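Below is one structure; the comments refer to it alone.
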Amino acid sequence: MKYFYTLLLFLAATHLYSQQNITGIIIDQDTNHPIEFATVYIPKLEKGTTTNQEGGFTLKGIPLGTQNIIVSIVGYQTASQNIILPLNTPLTMALKPSAIEMEEVIISTPFHKLQSENVMKVERANIKALQQQGAMNLSEGLSTIAGVESVSTGVSIGKPVIRGLSSNRVLVYAQGIRLENQQFGDEHGLGISDAGIESVEVIKGPASLLYGSDALGGVLYLNPERYASRNSSASNIEGKYFSNTKGYSTNAGYKSSGENLKFLFRGSLAEHSDYNTEDYRVTNTRFREQDFKAGIGYQNDGFKTDFRYNVNHSKLGIPEEIGEQSTNRAPLLPYQDLTNHIFSLKSTSFFKNSRLDYTFGYTYNDRKEFEEHHEHDDHSAEEQHQDDAYDHTEKESVLDPALYMKLKTANYDIKYNLPRTETIETIVGIQGMNQTNKNYGEEQLIPDATINDFGVLATSHIHFNAADLQLGVRFDTRDIKVNSGIHKSYNSFNGSVGVKTNLTENTVVRLNMASGFRAPNLAELTSNGSHEGTNRYEIGNSELKNEQNIQADLTLEHGSKHFEFFVNGFYNTINNYIYLTPTGALINNDPVFLYLQEDASLYGGEIGFHLHPHPIHWLHLESSFETVTGKQDNGAYLPLIPANSLTNKIRVEFENNQVSKGYAFVKLKSTFKQNNTSAFETTTDGYNLLSAGFGGDFIVFNTTCGVSLSGSNLTNKTYFNHLSRLKSDGIFNMGRSFNLGLTFIL
């Protein structure tokens, strides 16, 4: 290991090549006129600039070899071009006018291309756009993306669902590393704030080739806030008010970049009382969340590195029944007290026409759950201080946690990008993880254990004249040692193959097949106790095997200057699908559930269009439909499958002397009845939710002020979402809410 770190330091400090400046001009394809303020960006170097009045630009200190240049500006189709340095003449790139939104580089796939260039279909959404639609937190915002839903416990706890798969079958990446926070639990949320997150990318389908175990169902890849542009600084303050919960969220950040060094930080606070329905407030859905993010980066001509840190502390009420009706924000018993730390270090060493990417991460999840019947008089000074700072639990005495777990995870991801030929790009790499879980409370949901992962992978992107081909192979091993004596090892080979081709100039078809796997988690292997929040006694099964799946995806996309249309279809077969089933017995008045396995399949997809009527380019008409069906081979339906839904939206964009980046929208989401339920679920009626909003940027006292106002569930509909864990108790989802947001760019 000593020699390994020595090698990394050597690579970081060594410059094996010379650099060159790139000069060029960006023009309009139809008129040949220069384009001012276009962004010119090299993704793998994270270097960029903007064009001047004559459309000219200069990028300094660019390594020799093949470089990919991305050019984007509103009103034009994003352009991508590979160039080989050194250049003998200035570069000229022509942009095609288009009313369709600008493309962004996709980070979650291995070759960091525009979506139009990717073989694999990836959805990308801007977090600010999700917030403008009234999303109260990150999990609620993610559920507005086609094919993504959320298993929710009130508004504070949400688990992402991708095409019917959730929990440990969906992997979440933050700061470039996997997020580990006891996500096996139904009432365990993401544990991360949307403040300081710029965008999210969604891989819908097996991504084990890229990410290993737990990516069987897909990946949510959260891209952190970017640093300021070179030799500049920026700061802003944001605040939001939510009428339904009488709650608020606020955050402030500052970032600055020089020639080589850059840094940023952002802090946020959110507090909400119990959410309201037409008839009552839902007792103990209140919560409080504090979040802090910071980063420091360094870059020179042959090396770049980015260190990020995030700490998130939250206190989340666990609702049980309708009781106290108040607008207090301090959670009652039972509640969770969670602290999540994320450290990441992403670095790249550049060589002539190749590079080495290496990422190291560490997460520390501290989870406490407090219950009514665990009350003690003896406690440490530290616990007294914590409880004195938050003594709103209606108890003067100090509480010890009934459940107290610490999960510590260290991981690494090292990939070498081989020198690119004229037609082939190839990446080889290794990934690994060490994880320990320890208990400190009176109860144990899962025992003390250690998990070790190791994987090796290779993937290539092959460019043909008429098509692009991407293929890859990977081997993984997972070792689980439980302190009680259980020792299990799981291995898996996985692969993927995909092809992208243009049927016409504006029509693209993608066909992908990939396999994925998931090793059983500790809860599935070892559970033996009552699970707080789910009100059931769970019994694990130490004989469980790997879940293994193969999914086929077919995507058809048509995009012209004023019209986009897409159809995404998938079929997913899963061998040894792990599920909970009731036995009919009771232990401690809780129903007993066992973990079993059965082959299963899921199928469905999304279809939609986006229209910019000519010549009124400021008007957007959008519509999408999504469906998924999940069944075991014995004919039983899988649990927690989202109902079919149809979303229609009218959106306008405008600018004038008083308002920039102005927008307004009206959206109607129709969720259909869900009759395809598992043995311990009930059917759910359909419903329609109407929302609307508007906003824009104004100049106030020489300061840019962003204003947004949105309303959700405007008709105050009483309804049950099929994925709400409160549905079984007859508790409705949230009623009408108006949300006001203000942003000051200082």
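By convention in this document, the chains of the structure tokens carry letters A, B, ... by their order, each chain's residues are numbered from 1, and ligands are numbered from 1 in the order they are shown.
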Would you mind listing what lies within 9 Å of stretch 424-428 of chain A as a compact mmCIF listing (two decimals) with all heavy atoms, in the first residue's frame, with only C-alpha atoms counted and same-chain residues fewer than 5 positions away left out?
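File part06.txt, as written:
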# COMPACT_ATOMS: atom_id res chain seq x y z
N PRO A 110 -19.20 6.74 -17.92
CA PRO A 110 -17.74 6.74 -17.82
C PRO A 110 -17.02 7.70 -18.74
O PRO A 110 -15.92 8.15 -18.40
CB PRO A 110 -17.36 5.29 -18.14
CG PRO A 110 -18.51 4.75 -18.93
CD PRO A 110 -19.72 5.43 -18.38
N PHE A 111 -17.59 8.07 -19.89
CA PHE A 111 -16.85 8.84 -20.87
C PHE A 111 -17.22 10.33 -20.89
O PHE A 111 -16.70 11.08 -21.70
CB PHE A 111 -17.03 8.23 -22.27
CG PHE A 111 -16.49 6.83 -22.35
CD1 PHE A 111 -17.36 5.73 -22.29
CD2 PHE A 111 -15.13 6.60 -22.45
CE1 PHE A 111 -16.87 4.44 -22.34
CE2 PHE A 111 -14.64 5.30 -22.51
CZ PHE A 111 -15.51 4.21 -22.46
N ILE A 414 -10.59 3.85 -8.76
CA ILE A 414 -9.43 4.22 -9.57
C ILE A 414 -9.66 3.76 -11.01
O ILE A 414 -9.90 2.58 -11.25
CB ILE A 414 -8.14 3.59 -9.01
CG1 ILE A 414 -7.95 4.02 -7.55
CG2 ILE A 414 -6.92 3.98 -9.85
CD1 ILE A 414 -6.84 3.27 -6.84
N LYS A 415 -9.62 4.70 -11.93
CA LYS A 415 -9.87 4.38 -13.34
C LYS A 415 -8.78 5.01 -14.22
O LYS A 415 -8.42 6.18 -14.03
CB LYS A 415 -11.24 4.89 -13.80
CG LYS A 415 -12.44 4.22 -13.14
CD LYS A 415 -13.73 4.65 -13.83
CE LYS A 415 -14.95 3.97 -13.23
NZ LYS A 415 -15.31 4.54 -11.93
N TYR A 416 -8.28 4.21 -15.15
CA TYR A 416 -7.29 4.70 -16.11
C TYR A 416 -7.94 4.79 -17.49
O TYR A 416 -8.48 3.81 -18.00
CB TYR A 416 -6.08 3.77 -16.17
CG TYR A 416 -5.04 4.23 -17.17
CD1 TYR A 416 -4.44 5.47 -17.06
CD2 TYR A 416 -4.66 3.41 -18.24
CE1 TYR A 416 -3.48 5.90 -17.96
CE2 TYR A 416 -3.71 3.83 -19.16
CZ TYR A 416 -3.12 5.07 -19.01
OH TYR A 416 -2.18 5.49 -19.92
N ASN A 417 -7.93 5.99 -18.06
CA ASN A 417 -8.44 6.22 -19.40
C ASN A 417 -7.30 6.02 -20.39
O ASN A 417 -6.37 6.84 -20.47
CB ASN A 417 -9.00 7.64 -19.53
CG ASN A 417 -10.21 7.86 -18.64
OD1 ASN A 417 -11.34 7.93 -19.08
ND2 ASN A 417 -9.95 7.99 -17.34
N LEU A 418 -7.34 4.91 -21.12
CA LEU A 418 -6.28 4.59 -22.05
C LEU A 418 -6.19 5.62 -23.17
O LEU A 418 -7.19 6.30 -23.46
CB LEU A 418 -6.50 3.20 -22.66
CG LEU A 418 -6.03 1.99 -21.83
CD1 LEU A 418 -6.82 1.84 -20.56
CD2 LEU A 418 -6.10 0.71 -22.66
N PRO A 419 -5.01 5.74 -23.81
CA PRO A 419 -4.91 6.65 -24.95
C PRO A 419 -5.98 6.34 -25.99
O PRO A 419 -6.19 5.18 -26.37
CB PRO A 419 -3.51 6.38 -25.49
CG PRO A 419 -2.75 5.90 -24.30
CD PRO A 419 -3.73 5.11 -23.49
N VAL A 456 -13.33 -5.17 -10.33
CA VAL A 456 -12.46 -4.77 -11.42
C VAL A 456 -13.30 -4.69 -12.69
O VAL A 456 -14.19 -5.53 -12.91
CB VAL A 456 -11.27 -5.75 -11.59
CG1 VAL A 456 -11.75 -7.17 -11.80
CG2 VAL A 456 -10.34 -5.29 -12.70
N LEU A 457 -13.08 -3.67 -13.51
CA LEU A 457 -13.95 -3.45 -14.67
C LEU A 457 -13.15 -2.95 -15.86
O LEU A 457 -12.05 -2.41 -15.73
CB LEU A 457 -15.04 -2.43 -14.32
CG LEU A 457 -14.58 -0.98 -14.06
CD1 LEU A 457 -14.81 -0.12 -15.30
CD2 LEU A 457 -15.29 -0.38 -12.86
N ALA A 458 -13.73 -3.11 -17.03
CA ALA A 458 -13.20 -2.56 -18.28
C ALA A 458 -14.39 -2.24 -19.18
O ALA A 458 -15.35 -3.02 -19.26
CB ALA A 458 -12.27 -3.55 -18.97
N THR A 459 -14.36 -1.08 -19.82
CA THR A 459 -15.44 -0.68 -20.72
C THR A 459 -14.87 0.12 -21.87
O THR A 459 -13.89 0.86 -21.70
CB THR A 459 -16.52 0.13 -19.98
OG1 THR A 459 -17.57 0.46 -20.88
CG2 THR A 459 -15.95 1.40 -19.38
N SER A 460 -15.47 -0.02 -23.04
CA SER A 460 -15.01 0.67 -24.25
C SER A 460 -16.18 1.30 -24.99
O SER A 460 -17.30 0.76 -24.99
CB SER A 460 -14.29 -0.30 -25.20
OG SER A 460 -13.09 -0.75 -24.65
N HIS A 461 -15.90 2.45 -25.62
CA HIS A 461 -16.85 3.12 -26.50
C HIS A 461 -16.21 3.12 -27.89
O HIS A 461 -15.13 3.70 -28.08
CB HIS A 461 -17.09 4.55 -26.03
CG HIS A 461 -18.20 5.25 -26.75
ND1 HIS A 461 -19.15 6.02 -26.11
CD2 HIS A 461 -18.54 5.30 -28.06
CE1 HIS A 461 -20.00 6.51 -27.00
NE2 HIS A 461 -19.64 6.09 -28.20
N ILE A 462 -16.88 2.47 -28.84
CA ILE A 462 -16.34 2.30 -30.20
C ILE A 462 -17.18 3.12 -31.16
O ILE A 462 -18.41 2.99 -31.21
CB ILE A 462 -16.34 0.83 -30.61
CG1 ILE A 462 -15.60 -0.01 -29.56
CG2 ILE A 462 -15.68 0.66 -31.98
CD1 ILE A 462 -15.70 -1.51 -29.78
N HIS A 463 -16.53 3.99 -31.91
CA HIS A 463 -17.21 4.89 -32.83
C HIS A 463 -17.12 4.34 -34.26
O HIS A 463 -16.02 4.20 -34.80
CB HIS A 463 -16.59 6.29 -32.78
CG HIS A 463 -16.54 6.88 -31.41
ND1 HIS A 463 -17.52 7.70 -30.92
CD2 HIS A 463 -15.63 6.76 -30.41
CE1 HIS A 463 -17.22 8.07 -29.68
NE2 HIS A 463 -16.07 7.51 -29.36
Using only C-alpha atoms, find each residue in stretch 147-207 of chain A having at least one atom no more than 10 Å away from stretch 270-274 of chain A; report its shortest atom-to-atom pair and that distance in Å (one decimal), rows by chain then rising number, as JSON lines.
{"residue": "A:Gly154", "atom": "CA", "partner": "A:Asp274", "partner_atom": "CA", "distance": 8.8}
{"residue": "A:Val155", "atom": "CA", "partner": "A:Asp274", "partner_atom": "CA", "distance": 9.0}
{"residue": "A:Ser156", "atom": "CA", "partner": "A:His272", "partner_atom": "CA", "distance": 8.9}
{"residue": "A:Ser193", "atom": "CA", "partner": "A:Ala270", "partner_atom": "CA", "distance": 9.3}
Pick the closest to A:His562 from A:Phe609, A:Tyr248, A:Phe360, A:Tyr537: which is it, counting only C-alpha atoms?
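Under the stated criterion, the closest residue is A:Phe609.
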One decimal, in Å: what's the spacing between atom CA of A:Ile650 and atom CA of A:Thr144?
15.1 Å
Calculated over only C-alpha atoms, which of the candidates A:Glu369, A:Thr421, A:Ile157, A:Arg478 has the smallest distance to A:Leu445?
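Distance minimum relative to A:Leu445 lands on A:Glu369.
Considering the residues A:Gln133, A:Ser660, A:Gln175, A:Asn276 and counting only C-alpha atoms, A:Leu690 has its shortest atom-to-atom contact with A:Gln133.
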As a PyMOL selection string, which residues of stretch 292-482 of chain A does DSSP assign to helix (DSSP H, G or I)?
chain A and resi 381-388
So that I can check the secondary structure, give me every residue of stretch 142-376 of chain A assigned strand (DSSP E) by backbone DSSP, as a PyMOL selection string.
chain A and resi 148-153+157-162+170-174+177-178+197-204+218-224+232-242+247-257+261-272+287-299+303-317+335-351+354-370
Dump C-alpha atoms for the selected residues as a CSV table (one decimal), in the first residue's frame?
chain,number,residue,atom,x,y,z
A,148,VAL,CA,-38.5,8.2,-10.4
A,149,GLU,CA,-40.8,8.1,-7.4
A,150,SER,CA,-40.4,8.1,-3.6
A,151,VAL,CA,-41.4,5.8,-0.7
A,152,SER,CA,-42.3,8.4,1.8
A,153,THR,CA,-43.0,8.7,5.5
A,157,ILE,CA,-38.3,10.9,5.0
A,158,GLY,CA,-38.2,9.7,1.3
A,159,LYS,CA,-36.5,6.8,-0.4
A,160,PRO,CA,-36.0,7.0,-4.2
A,161,VAL,CA,-37.7,4.4,-6.4
A,162,ILE,CA,-36.5,3.9,-10.0
A,170,VAL,CA,-30.9,1.9,-6.0
A,171,LEU,CA,-27.5,3.4,-5.4
A,172,VAL,CA,-27.1,7.1,-4.5
A,173,TYR,CA,-23.8,8.9,-5.3
A,174,ALA,CA,-22.9,12.3,-3.7
A,177,ILE,CA,-18.8,8.6,-3.9
A,178,ARG,CA,-21.5,6.1,-2.8
A,197,ILE,CA,-26.4,20.4,-5.1
A,198,GLU,CA,-26.5,21.6,-8.7
A,199,SER,CA,-28.1,18.7,-10.6
A,200,VAL,CA,-29.0,15.1,-10.5
A,201,GLU,CA,-28.5,12.4,-13.1
A,202,VAL,CA,-30.6,9.2,-13.2
A,203,ILE,CA,-29.5,5.9,-14.7
A,204,LYS,CA,-32.7,3.8,-15.0
A,218,GLY,CA,-30.3,2.2,-11.1
A,219,VAL,CA,-28.2,5.1,-9.8
A,220,LEU,CA,-29.0,8.6,-8.6
A,221,TYR,CA,-25.9,10.7,-9.2
A,222,LEU,CA,-25.9,14.1,-7.3
A,223,ASN,CA,-23.6,16.7,-8.8
A,224,PRO,CA,-22.3,19.2,-6.2
A,232,SER,CA,-13.9,35.4,-9.8
A,233,SER,CA,-16.0,35.1,-6.7
A,234,ALA,CA,-19.7,34.8,-6.0
A,235,SER,CA,-22.1,34.6,-3.0
A,236,ASN,CA,-25.8,34.3,-2.4
A,237,ILE,CA,-28.5,34.0,0.2
A,238,GLU,CA,-31.7,32.0,-0.3
A,239,GLY,CA,-34.8,31.7,1.8
A,240,LYS,CA,-38.1,29.8,1.3
A,241,TYR,CA,-41.4,29.7,3.2
A,242,PHE,CA,-43.9,26.9,3.0
A,247,GLY,CA,-41.9,25.9,7.7
A,248,TYR,CA,-38.9,27.5,6.2
A,249,SER,CA,-35.5,26.7,4.7
A,250,THR,CA,-32.6,29.1,4.2
A,251,ASN,CA,-29.0,28.8,3.0
A,252,ALA,CA,-26.0,31.0,2.3
A,253,GLY,CA,-22.8,30.3,0.4
A,254,TYR,CA,-19.6,31.9,-0.9
A,255,LYS,CA,-17.1,30.7,-3.5
A,256,SER,CA,-14.0,32.1,-5.0
A,257,SER,CA,-11.5,30.8,-7.6
A,261,LEU,CA,-6.8,27.4,-6.2
A,262,LYS,CA,-10.6,27.5,-5.6
A,263,PHE,CA,-12.9,27.0,-2.6
A,264,LEU,CA,-16.5,27.2,-1.6
A,265,PHE,CA,-18.8,26.7,1.4
A,266,ARG,CA,-22.6,26.6,2.0
A,267,GLY,CA,-24.6,26.3,5.1
A,268,SER,CA,-28.4,25.6,5.4
A,269,LEU,CA,-31.2,25.3,7.9
A,270,ALA,CA,-34.7,24.0,7.5
A,271,GLU,CA,-37.6,23.6,10.0
A,272,HIS,CA,-41.1,22.4,9.4
A,287,PHE,CA,-38.5,17.9,11.4
A,288,ARG,CA,-35.4,20.0,11.6
A,289,GLU,CA,-32.4,19.7,9.3
A,290,GLN,CA,-29.0,21.5,9.4
A,291,ASP,CA,-26.5,21.0,6.6
A,292,PHE,CA,-23.0,22.3,5.8
A,293,LYS,CA,-21.0,21.8,2.6
A,294,ALA,CA,-17.4,22.9,1.8
A,295,GLY,CA,-14.9,22.3,-0.9
A,296,ILE,CA,-11.4,23.2,-1.9
A,297,GLY,CA,-9.9,22.5,-5.3
A,298,TYR,CA,-6.5,22.9,-6.9
A,299,GLN,CA,-5.6,22.6,-10.6
A,303,PHE,CA,-3.1,17.7,-12.3
A,304,LYS,CA,-6.4,18.6,-10.6
A,305,THR,CA,-7.9,17.6,-7.2
A,306,ASP,CA,-11.2,18.4,-5.4
A,307,PHE,CA,-11.8,17.8,-1.7
A,308,ARG,CA,-15.4,18.0,-0.5
A,309,TYR,CA,-17.0,17.7,2.9
A,310,ASN,CA,-20.6,17.6,3.9
A,311,VAL,CA,-22.2,17.2,7.4
A,312,ASN,CA,-26.0,16.8,7.7
A,313,HIS,CA,-27.8,16.7,11.1
A,314,SER,CA,-31.5,16.2,11.3
A,315,LYS,CA,-34.2,15.4,13.8
A,316,LEU,CA,-37.1,13.7,12.2
A,317,GLY,CA,-40.5,12.9,13.8
A,335,TYR,CA,-38.0,10.5,16.5
A,336,GLN,CA,-34.7,10.0,14.7
A,337,ASP,CA,-31.5,11.9,15.5
A,338,LEU,CA,-29.2,11.5,12.5
A,339,THR,CA,-25.8,12.8,11.7
A,340,ASN,CA,-24.2,12.0,8.3
A,341,HIS,CA,-20.6,13.0,7.4
A,342,ILE,CA,-19.3,12.7,3.8
A,343,PHE,CA,-15.6,13.2,2.9
A,344,SER,CA,-14.4,12.9,-0.7
A,345,LEU,CA,-11.2,13.5,-2.6
A,346,LYS,CA,-11.4,13.3,-6.4
A,347,SER,CA,-8.2,13.7,-8.4
A,348,THR,CA,-6.9,13.4,-11.9
A,349,SER,CA,-3.4,13.2,-13.4
A,350,PHE,CA,-3.2,14.0,-17.1
A,351,PHE,CA,-0.8,12.5,-19.5
A,354,SER,CA,-4.6,9.6,-21.4
A,355,ARG,CA,-5.4,10.2,-17.8
A,356,LEU,CA,-5.8,8.6,-14.4
A,357,ASP,CA,-8.8,9.3,-12.2
A,358,TYR,CA,-8.7,8.3,-8.5
A,359,THR,CA,-11.4,9.0,-5.9
A,360,PHE,CA,-11.3,8.2,-2.2
A,361,GLY,CA,-14.3,8.6,0.1
A,362,TYR,CA,-15.3,8.2,3.7
A,363,THR,CA,-18.8,8.3,5.1
A,364,TYR,CA,-19.8,8.2,8.8
A,365,ASN,CA,-23.5,7.7,9.6
A,366,ASP,CA,-24.5,8.2,13.3
A,367,ARG,CA,-28.1,7.0,13.7
A,368,LYS,CA,-30.2,7.3,16.9
A,369,GLU,CA,-33.9,6.5,17.4
A,370,PHE,CA,-35.7,7.5,20.6
Just checking: using only C-alpha atoms, which residue out of A:Leu165, A:Val628, A:Met136, A:Ala228 ends up closest to A:Asp214?
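Smallest separation from A:Asp214 among the options: A:Leu165.
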Quick one: pull the distance between atom CA of A:Glu557 and atom CA of A:Thr629, Å, one decimal.
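Atom CA of A:Glu557 sits 23.0 Å away from atom CA of A:Thr629.
Among the candidates A:Met405, A:Ile318, A:Leu594, A:Val666, the one nearest to A:Glu371 when counting only C-alpha atoms is A:Ile318.
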Quick one: residues within 10 Å of stretch 76-93 of chain A, only C-alpha atoms counted, chain neighbours fewer than 4 positions away excluded, as a compact mmCIF listing (two decimals) with C-alpha atoms, in the first residue's frame?
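File selection15.txt, as written:
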# COMPACT_ATOMS: atom_id res chain seq x y z
CA SER A 18 3.88 20.41 -22.78
CA GLN A 19 0.76 22.54 -23.03
CA GLN A 20 -0.79 24.73 -25.68
CA ASN A 21 -3.30 27.56 -25.85
CA ILE A 22 -6.44 27.08 -27.96
CA THR A 23 -7.84 30.10 -29.79
CA GLY A 24 -10.97 30.11 -31.92
CA ILE A 25 -14.26 31.66 -32.91
CA ILE A 26 -17.89 30.58 -32.43
CA ILE A 27 -20.35 31.49 -35.21
CA ASP A 28 -24.01 31.04 -36.16
CA GLN A 29 -24.34 28.16 -38.64
CA ALA A 38 -21.15 31.42 -25.63
CA THR A 39 -19.63 29.05 -23.04
CA VAL A 40 -16.59 27.08 -24.26
CA TYR A 41 -15.73 24.21 -21.92
CA ILE A 42 -13.40 21.19 -21.74
CA GLY A 55 -17.16 35.40 -30.95
CA GLY A 56 -13.51 34.79 -30.08
CA PHE A 57 -12.08 32.83 -27.16
CA THR A 58 -8.80 31.58 -25.73
CA ILE A 62 -4.32 22.73 -22.47
CA PRO A 63 -2.45 19.37 -22.53
CA LEU A 64 -1.43 17.91 -25.88
CA GLY A 65 -3.47 15.01 -27.27
CA THR A 66 -7.18 14.58 -27.89
CA GLN A 67 -9.50 17.03 -26.13
CA ASN A 68 -13.29 17.29 -26.21
CA ILE A 69 -14.69 20.84 -26.45
CA ILE A 70 -18.32 21.65 -25.52
CA VAL A 71 -19.93 24.93 -26.67
CA SER A 72 -23.32 26.03 -25.35
CA PRO A 97 -30.09 27.60 -33.83
CA SER A 98 -32.58 25.69 -31.65
CA ALA A 99 -35.37 26.51 -29.21
CA ILE A 100 -34.69 23.29 -27.28
CA GLU A 101 -32.86 23.67 -23.94
CA MET A 102 -29.07 23.41 -23.78
CA GLU A 103 -27.50 20.01 -23.20
CA GLU A 104 -25.13 19.34 -20.32
CA VAL A 105 -22.25 16.90 -19.98
CA LYS A 113 -20.30 13.02 -23.00
CA LEU A 114 -23.38 15.00 -23.92
CA SER A 116 -26.96 13.09 -27.44
CA GLU A 117 -23.58 11.32 -27.70
CA LYS A 352 -0.40 12.80 -23.26
CA ASN A 353 -3.79 11.60 -24.58
CA SER A 560 -35.95 19.05 -34.09
CA LYS A 561 -35.78 22.80 -33.72
For atom CA of A:Glu321 and atom CA of A:Asn721, quote the distance in Å rounded to one decimal.
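We find that atom CA of A:Glu321 and atom CA of A:Asn721 lie 17.3 Å from each other.
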Applying 10 Å and only C-alpha atoms, which residues near A:Gln551 remain after dropping the ones on its own chain fewer than 3 positions away? List them as a tab-separated table (two decimals) with C-alpha atoms, in the first residue's frame.
chain	number	residue	atom	x	y	z
A	205	GLY	CA	-31.56	0.20	-14.97
A	206	PRO	CA	-28.66	-2.01	-13.92
A	216	LEU	CA	-29.03	-3.37	-9.70
A	217	GLY	CA	-32.00	-1.04	-10.09
A	496	SER	CA	-23.28	-4.68	-20.73
A	512	ASN	CA	-28.92	-1.49	-24.29
A	513	MET	CA	-28.68	-4.80	-22.45
A	514	ALA	CA	-26.98	-5.02	-19.07
A	515	SER	CA	-26.78	-7.37	-16.15
A	516	GLY	CA	-26.65	-6.34	-12.52
A	570	PHE	CA	-37.64	-1.74	-20.60
A	571	TYR	CA	-37.94	-5.37	-19.54
A	572	ASN	CA	-36.12	-6.43	-16.37
A	573	THR	CA	-35.81	-10.05	-15.15
A	574	ILE	CA	-34.52	-10.59	-11.61
A	601	SER	CA	-39.76	-9.41	-13.59
A	602	LEU	CA	-40.57	-5.75	-14.14
A	603	TYR	CA	-41.54	-4.02	-17.35
If we count only C-alpha atoms and set the cut-off at 8 Å, which residues sit around A:Glu54, ignoring sequence neighbours fewer than 3 positions away in its own chain? Please answer as an MDAnalysis selection string.
chainID A and resid 25 34:36 51
Can those selected residues be exported to a file as a PDB file, in the first residue's frame so that it contains all heavy atoms?
ATOM      1  N   ILE A  25     -13.105  30.797 -32.749  1.00  0.00           N
ATOM      2  CA  ILE A  25     -14.256  31.662 -32.907  1.00  0.00           C
ATOM      3  C   ILE A  25     -15.510  30.794 -32.998  1.00  0.00           C
ATOM      4  O   ILE A  25     -15.488  29.700 -33.584  1.00  0.00           O
ATOM      5  CB  ILE A  25     -14.118  32.557 -34.164  1.00  0.00           C
ATOM      6  CG1 ILE A  25     -15.292  33.538 -34.256  1.00  0.00           C
ATOM      7  CG2 ILE A  25     -13.997  31.723 -35.432  1.00  0.00           C
ATOM      8  CD1 ILE A  25     -15.127  34.572 -35.355  1.00  0.00           C
ATOM      9  N   PRO A  34     -20.731  36.087 -35.639  1.00  0.00           N
ATOM     10  CA  PRO A  34     -20.119  35.640 -34.377  1.00  0.00           C
ATOM     11  C   PRO A  34     -21.150  35.611 -33.251  1.00  0.00           C
ATOM     12  O   PRO A  34     -22.103  36.392 -33.236  1.00  0.00           O
ATOM     13  CB  PRO A  34     -19.029  36.680 -34.125  1.00  0.00           C
ATOM     14  CG  PRO A  34     -19.459  37.887 -34.883  1.00  0.00           C
ATOM     15  CD  PRO A  34     -20.170  37.383 -36.102  1.00  0.00           C
ATOM     16  N   ILE A  35     -20.955  34.712 -32.302  1.00  0.00           N
ATOM     17  CA  ILE A  35     -21.868  34.547 -31.171  1.00  0.00           C
ATOM     18  C   ILE A  35     -21.145  34.988 -29.899  1.00  0.00           C
ATOM     19  O   ILE A  35     -20.124  34.412 -29.513  1.00  0.00           O
ATOM     20  CB  ILE A  35     -22.336  33.091 -31.032  1.00  0.00           C
ATOM     21  CG1 ILE A  35     -23.067  32.648 -32.305  1.00  0.00           C
ATOM     22  CG2 ILE A  35     -23.244  32.926 -29.817  1.00  0.00           C
ATOM     23  CD1 ILE A  35     -23.460  31.194 -32.305  1.00  0.00           C
ATOM     24  N   GLU A  36     -21.704  36.009 -29.245  1.00  0.00           N
ATOM     25  CA  GLU A  36     -21.122  36.529 -28.013  1.00  0.00           C
ATOM     26  C   GLU A  36     -21.681  35.782 -26.804  1.00  0.00           C
ATOM     27  O   GLU A  36     -22.818  35.302 -26.805  1.00  0.00           O
ATOM     28  CB  GLU A  36     -21.434  38.024 -27.890  1.00  0.00           C
ATOM     29  CG  GLU A  36     -20.761  38.706 -26.717  1.00  0.00           C
ATOM     30  CD  GLU A  36     -21.139  40.176 -26.616  1.00  0.00           C
ATOM     31  OE1 GLU A  36     -22.020  40.621 -27.395  1.00  0.00           O
ATOM     32  OE2 GLU A  36     -20.565  40.878 -25.750  1.00  0.00           O
ATOM     33  N   THR A  51     -17.122  33.592 -24.938  1.00  0.00           N
ATOM     34  CA  THR A  51     -16.678  34.316 -26.131  1.00  0.00           C
ATOM     35  C   THR A  51     -16.901  35.817 -25.975  1.00  0.00           C
ATOM     36  O   THR A  51     -17.805  36.258 -25.261  1.00  0.00           O
ATOM     37  CB  THR A  51     -17.435  33.810 -27.372  1.00  0.00           C
ATOM     38  OG1 THR A  51     -18.843  33.950 -27.151  1.00  0.00           O
ATOM     39  CG2 THR A  51     -17.112  32.355 -27.657  1.00  0.00           C
TER      40      THR A  51
END
Give me the residues within 7 Å of A:Phe454 as a ChimeraX atom specification, counting only C-alpha atoms and dropping any in the same chain fewer than 3 places off.
/A:431-433,476-478
Can you spit out the residues from that selection as a CSV table (one decimal), in the first residue's frame, using N, CA and C atoms?
chain,number,residue,atom,x,y,z
A,431,GLN,N,-12.5,-0.8,-8.0
A,431,GLN,CA,-13.3,-0.1,-7.0
A,431,GLN,C,-13.3,-1.0,-5.7
A,432,GLY,N,-13.4,-0.4,-4.6
A,432,GLY,CA,-13.5,-1.2,-3.4
A,432,GLY,C,-14.2,-0.5,-2.2
A,433,MET,N,-14.5,-1.2,-1.2
A,433,MET,CA,-15.2,-0.6,0.0
A,433,MET,C,-15.0,-1.4,1.2
A,476,ASP,N,-17.0,-8.8,-9.4
A,476,ASP,CA,-17.1,-8.3,-8.1
A,476,ASP,C,-17.1,-9.4,-7.1
A,477,THR,N,-16.6,-9.1,-5.9
A,477,THR,CA,-16.7,-10.0,-4.7
A,477,THR,C,-17.1,-9.2,-3.5
A,478,ARG,N,-18.0,-9.7,-2.7
A,478,ARG,CA,-18.4,-9.1,-1.4
A,478,ARG,C,-18.2,-10.1,-0.3
